[in-house]
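Heads up: the structure comes next, in structure tokens.
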Amino acid sequence: MTRFIIFRLLQMIIALFGIVVIVFFMVRISGNPVMFMISPLSTESEVEILQQQLGLDKSYAEQFWIYITNLAQGDFGESFVKRIPVTEMIGDALPNTLKLGIPSFVIGTVIAIALGVLGATKRDSILDNGVKFLAILGQALPGFWLAIMAVLIFSVHFQILPAAGMGGIEYYVLPVCTTMFFMLPGMMRLVRSTMLDVLDSEYIKLARIKGLSEGIVIWKHALRNAVIAPMTVAGMMLAGLVNGAVITENIFNWPGMGRLAVESAFGRDFPVVQAITIIVAVMVLGMNFLVDIAYAWVDPQIRFQRN
Amino acid sequence: MASIVKKKPEKQYRVVSRLGRIIRNLGMIIPVIVFVVLILTAIFAEVLAPYPYDETSLPERRIPPAWVEGGSAKHFLGTDTLGRDILSRAIYGARVSLSVSLLAIAITAAIGTALGIYAGYAGGRLDGFIMRVVDVALSFPPLLLAILLAVSLGPGFFTVIFALSVLGWAGYARIIRGEALRVRTSDFVAQAQINGVAGWRIMVRHIFPNILNILIVGVTLSIGTMILAESAMSYLGIGIPPPMPSWGSMVADGRNDLDRAWWISTFPGILIGVVVMSGNFLGDWLRDKLDPRLRQL
């Protein structure tokens with residue numbers, strides 16, 4: 001097991017390094033960021049001074065070395081636009097994203113599992129067809145449009161929920177519901193289909209023959225095995241959630257990482273976009289790592305596999 | 001040897017009336033009609049659109065759709081904040097959505113299939129490496145990468161295609177590899193190997209035809225994903241630059257006018273939903289026909 005963890009950890013570090021390299025060069029292929037920061041009236045010496053200040057006059061190799069050593073110390077550099085450390089900006093934005101993301105993830109998972117299980121156990125009932133319909137609709141309609149329609153209905157028409165901003169609990173309702181929608185239909189579908197498979201298996205039949213109550217069979221024996229499949233795609237769920245956060249934060253004017261990313265993109269604020277990409281990459285790789293470990297812990301075949 | 005022998009689902013043995021067959025195939029008929037209309041609309045946009053997509057008319061701004069009080073038959077779906085005809089823009093928007101998503105699908109399917117077959121057939125270290133890259137690509141949030149690319153390359157047609165393709169191939173690679181692994185153990189592949197057929201030739205002539213069904217299903221199912229991704233990019237302003245209309249950016253156009261002109265954002269979103277749903281239905285139908293093993297819902 002230790003061997004397996006070390007191996008995976010190494011792989012993760014290599015992947016992360018690869019991403020850092022790609023991100024570093026990607027933001028530099030567009031040419032000189034100084035060109036977006038100066039006015040047409042700036043003199044050449046002003047440009048040079050600015051380049052020196054930002055460290056852009058050095059060679060790529062030098063720049064990369066400085067960048068990577070700073071990164072190792074948790075220093076993402078300074079925002080080109082706001083002239084404050086990027087870590088400070090992220091420090092402000094990240095908690096807000098988590099305040100939105102964690103409730104969305106938890107509530108979304110609970111609803112997805114509940115509806116998926118109910119759909120599978122009462123196959124072809126009205127409830128099951130309702131779940132299927134919801135999944136089909138949810139996978140077809142764009143999340144940003146759903147969010148806007150929610151604002152139209154609840155904020156503009158009925159005026160019961162605020163349309164944007166951050167504040168008390170009422171400000172959370174629409175953003176959480178719409179962020180949740182980015183992962184709910186897919187997960188619901190997955191839980192439903194694995195649950196159908198599990199309910200068909202021998203040990204469920206045995207549990208029933210033993211005379212266990214239907215509730216215990218479904219919610220204890222079957223569910224445990226049916227949530228493994230959704231767990232393996234937790235990485236993809238996280239990606240969906242980040243996508244959702246980017247969209248909803250921009251619609252609801254939520255001061256999180258998603259809005260910061262888009263704002264910085266328009267302002268060509270490279271260090272900020274770079275930092276956000278790397279932080280999300282760490283989160284995603286970390287999630288995959290944990291899932292791998294959990295999976296290997298459950299299934300010895302994976303643990304002892306060579307290669 | 002067109003395909004591997006597979007178990008037919010019990011359903012197919014049931015006697016179905018003609019009407020029942022039509023209803024069962026509605027999942028194919030309606031989407032096909034939607035796509036035929038969509039493709040024709042995209043091709044003949046100039047002929048079909050009553051107005052140019054960028055013709056602004058300030059006195060005629062925010063006119064509601066024809067059936068709403070204050071609407072006029074001149075602008076069936078109403079006009080936006082700049083007085084542009086929404087129907088005309090939606091018609092031109094079909095062109096953007098279709099061309100971007102079809103091109104992106106062609107690129108991702110080609111790369112994903114090639115890598116998937118190679119990884120599945122050849123195996124070994126390279127297989128392991130490709131699959132780890134696939135893992136990372138599948139779990140990286142596409143919108144964030146699109147933002148990064150828009151910053152570095154500047155928004156535009158090719159940036160959108162690039163952003164959709166950079167991660168999109170991974171899904172294909174994973175599915176195709178699984179299939180290639182399965183086909184690799186078949187007798188006819190062993191036979192070909194014994195006969196000394198070159199590796200690349202086995203992959204092209206023996207493995208590829210046997211994964212074609214899955215590829216067709218995958219391509220159909222990804223139409224919806226691509227259109228949704230393109231529209232999300234356009235919505236955020238990192239897609240096709242204005243004034244060229246895209247359904248996503250049209251939704252964004254109406255964002256600040258929700259209280260006085262609900263129709264600007266509403267109709268393009270419904271269009272996206274209808275097209276994506278058609279793609280998904282068609283994909284599900286094809287999957288049931290071509291590969292019942294994959295049946296999910």
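Going by the structure tokens order, chains are called A, B, ..., each with residues numbered from 1, while ligands are numbered from 1 in the order shown.
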
Requested in this report: Compile the residues of chain B that lie within 9 Å of chain A, evaluated using only C-alpha atoms, and express the compilation as a PyMOL selection string.
Outcome: chain B and resi 124-125+128+132-133+135-136+138-145+147-154+224-225+228-229+231-232+235-238+248+251-252+255+258-259+262+265-266+268-270+272-281+296-297

Query - Residues of segment 153-263 of chain A in alpha helix (DSSP H), written as number ranges by chain - result: A: 170-180, 184-199, 202-209, 214-216, 223-226, 228-232, 234-251, 257-263

Kindly export the residues of the current selection with C-alpha atoms, as a CSV table (one decimal), in the first residue's frame.
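Writing done, so here's again21.csv:
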chain,number,residue,atom,x,y,z
A,170,GLU,CA,-31.5,34.4,1.2
A,171,TYR,CA,-28.5,35.3,-1.0
A,172,TYR,CA,-27.4,31.7,-1.1
A,173,VAL,CA,-30.6,30.1,-2.4
A,174,LEU,CA,-30.4,30.9,-6.1
A,175,PRO,CA,-26.6,30.5,-6.5
A,176,VAL,CA,-26.5,27.2,-4.6
A,177,CYS,CA,-29.4,25.8,-6.5
A,178,THR,CA,-27.9,26.7,-9.9
A,179,THR,CA,-24.4,25.5,-9.0
A,180,MET,CA,-25.8,22.3,-7.8
A,184,LEU,CA,-26.9,16.9,-10.2
A,185,PRO,CA,-28.3,15.3,-13.4
A,186,GLY,CA,-25.2,13.3,-14.3
A,187,MET,CA,-24.7,12.0,-10.8
A,188,MET,CA,-28.4,11.1,-10.5
A,189,ARG,CA,-28.2,9.1,-13.7
A,190,LEU,CA,-25.1,7.3,-12.5
A,191,VAL,CA,-26.6,6.4,-9.1
A,192,ARG,CA,-29.8,5.2,-10.7
A,193,SER,CA,-28.0,2.9,-13.2
A,194,THR,CA,-25.5,1.4,-10.8
A,195,MET,CA,-28.3,0.9,-8.3
A,196,LEU,CA,-30.3,-1.0,-10.9
A,197,ASP,CA,-27.2,-3.3,-11.4
A,198,VAL,CA,-26.7,-3.8,-7.7
A,199,LEU,CA,-30.3,-4.6,-7.0
A,202,GLU,CA,-26.8,-12.2,-5.8
A,203,TYR,CA,-26.0,-10.7,-2.4
A,204,ILE,CA,-29.1,-8.5,-2.6
A,205,LYS,CA,-31.2,-11.6,-3.3
A,206,LEU,CA,-29.5,-13.3,-0.3
A,207,ALA,CA,-30.2,-10.3,1.9
A,208,ARG,CA,-33.9,-10.5,0.9
A,209,ILE,CA,-34.0,-14.3,1.4
A,214,GLU,CA,-36.7,-3.8,2.2
A,215,GLY,CA,-35.5,-0.5,3.8
A,216,ILE,CA,-32.3,-2.1,5.1
A,223,LEU,CA,-26.6,1.8,-1.5
A,224,ARG,CA,-23.1,1.2,-0.1
A,225,ASN,CA,-22.2,-0.6,-3.3
A,226,ALA,CA,-24.0,1.8,-5.6
A,228,ILE,CA,-18.7,3.5,-5.4
A,229,ALA,CA,-19.4,4.3,-9.1
A,230,PRO,CA,-20.2,8.0,-8.4
A,231,MET,CA,-17.2,8.1,-6.1
A,232,THR,CA,-14.8,7.2,-8.9
A,234,ALA,CA,-15.7,12.5,-8.1
A,235,GLY,CA,-12.9,14.2,-10.0
A,236,MET,CA,-15.2,14.9,-12.9
A,237,MET,CA,-17.9,16.1,-10.5
A,238,LEU,CA,-15.4,18.6,-9.1
A,239,ALA,CA,-14.7,19.8,-12.6
A,240,GLY,CA,-18.4,20.2,-13.1
A,241,LEU,CA,-18.7,22.1,-9.9
A,242,VAL,CA,-15.8,24.5,-10.8
A,243,ASN,CA,-17.5,25.1,-14.2
A,244,GLY,CA,-20.7,25.8,-12.3
A,245,ALA,CA,-18.9,28.2,-9.9
A,246,VAL,CA,-17.4,30.1,-12.8
A,247,ILE,CA,-20.8,30.6,-14.4
A,248,THR,CA,-22.9,31.2,-11.2
A,249,GLU,CA,-20.4,33.6,-9.6
A,250,ASN,CA,-20.5,35.7,-12.8
A,251,ILE,CA,-24.3,35.7,-12.9
A,257,MET,CA,-12.6,32.6,-7.7
A,258,GLY,CA,-14.8,32.1,-10.8
A,259,ARG,CA,-15.6,35.8,-11.1
A,260,LEU,CA,-12.0,36.7,-10.3
A,261,ALA,CA,-10.9,34.4,-13.1
A,262,VAL,CA,-13.2,35.9,-15.7
A,263,GLU,CA,-12.4,39.5,-14.6

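With only C-alpha atoms as the atoms that count, the minimum distance from Gly120 of chain B to the choices B:Arg201, B:Arg84, B:Arg21, B:Arg177 is reached by B:Arg177.
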
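Within the 10 Å cut-off around segment 32-49 of chain B, using only C-alpha atoms and omitting residues fewer than 3 positions from it on the same chain, the listed residues are Leu26, Gly27, Met28, Ile29, Pro52, Tyr53, Asp85, Ile86, Leu87, Ser88, Arg89, Ala90, Ile91, Tyr92, Gly93, Ala94, Arg95, Val96, Ser97, Leu98, Ser99, Val274, Val275, Ser278, Gly279, Phe281 and Leu282 of chain B.
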
Expected file contents, prior selection, C-alpha atoms, as a PDB file, in the first residue's frame:
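That gives us out_11.pdb:
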ATOM      1  CA  LEU B  26     -39.709   9.102 -32.100  1.00  0.00           C
ATOM      2  CA  GLY B  27     -36.464   9.359 -30.164  1.00  0.00           C
ATOM      3  CA  MET B  28     -34.765   9.205 -33.567  1.00  0.00           C
ATOM      4  CA  ILE B  29     -37.311  10.852 -35.869  1.00  0.00           C
ATOM      5  CA  PRO B  52     -28.940  41.195 -41.195  1.00  0.00           C
ATOM      6  CA  TYR B  53     -27.663  39.987 -37.823  1.00  0.00           C
ATOM      7  CA  ASP B  85     -33.982  41.308 -34.720  1.00  0.00           C
ATOM      8  CA  ILE B  86     -33.684  38.302 -32.384  1.00  0.00           C
ATOM      9  CA  LEU B  87     -35.005  35.768 -34.903  1.00  0.00           C
ATOM     10  CA  SER B  88     -32.391  36.819 -37.478  1.00  0.00           C
ATOM     11  CA  ARG B  89     -29.633  36.642 -34.892  1.00  0.00           C
ATOM     12  CA  ALA B  90     -30.804  33.226 -33.749  1.00  0.00           C
ATOM     13  CA  ILE B  91     -30.696  32.009 -37.368  1.00  0.00           C
ATOM     14  CA  TYR B  92     -27.117  33.212 -37.807  1.00  0.00           C
ATOM     15  CA  GLY B  93     -26.301  31.859 -34.358  1.00  0.00           C
ATOM     16  CA  ALA B  94     -27.110  28.363 -35.629  1.00  0.00           C
ATOM     17  CA  ARG B  95     -24.205  28.760 -38.015  1.00  0.00           C
ATOM     18  CA  VAL B  96     -21.759  29.528 -35.197  1.00  0.00           C
ATOM     19  CA  SER B  97     -22.985  26.762 -32.902  1.00  0.00           C
ATOM     20  CA  LEU B  98     -22.942  24.130 -35.632  1.00  0.00           C
ATOM     21  CA  SER B  99     -19.624  25.013 -37.260  1.00  0.00           C
ATOM     22  CA  VAL B 274     -33.851  21.852 -27.886  1.00  0.00           C
ATOM     23  CA  VAL B 275     -30.739  21.180 -29.958  1.00  0.00           C
ATOM     24  CA  SER B 278     -32.077  16.294 -29.715  1.00  0.00           C
ATOM     25  CA  GLY B 279     -28.417  15.316 -29.791  1.00  0.00           C
ATOM     26  CA  PHE B 281     -31.906  11.588 -27.624  1.00  0.00           C
ATOM     27  CA  LEU B 282     -30.360  10.638 -30.935  1.00  0.00           C
TER      28      LEU B 282
END

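With atom CA of Leu126 of chain B on one side and atom CA of Ile107 of chain B on the other, the separation reads 21.5 Å.
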
Report task. Skip segment 166-172 of chain B itself and residues of its chain fewer than 6 positions away, then list as a ChimeraX atom specification all residues within 6 Å of it, counting only C-alpha atoms. Result -> /B:108,112,134,137

Query raised in the report: Quick one: residues within 8 Å of segment 73-81 of chain A, only C-alpha atoms counted, chain neighbours fewer than 5 positions away excluded, as a list of chain:residue names?
Result: A:Met37, A:Tyr67, A:Val86, A:Thr87, A:Gly267, A:Asp269, A:Phe270, A:Pro271, A:Val272, A:Ala275

Requested in this report: Quick one: everything within 8 Å of Pro65 of chain B, counting only C-alpha atoms, minus sequence neighbours fewer than 3 positions away in the same chain. Send it as a list in words.
Outcome: Val68, Gly71, Ser72, His75, Phe76, Leu77, Gly78, Thr79 and Trp263 of chain B

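If only C-alpha atoms are the atoms counted, then among B:Thr81, B:Asn256, B:Asn213, B:Ser165 the closest residue to Asp288 of chain B is B:Asn213.
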
Query raised in the report: What is the distance between atom CA of Ala198 of chain B and atom CA of Ala110 of chain B, in Å to one decimal?
Result: 21.2 Å

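Closest to Leu181 of chain B among B:Ile111, B:Leu286, B:Met244, B:Ile211 is B:Ile211, based on only C-alpha atoms.
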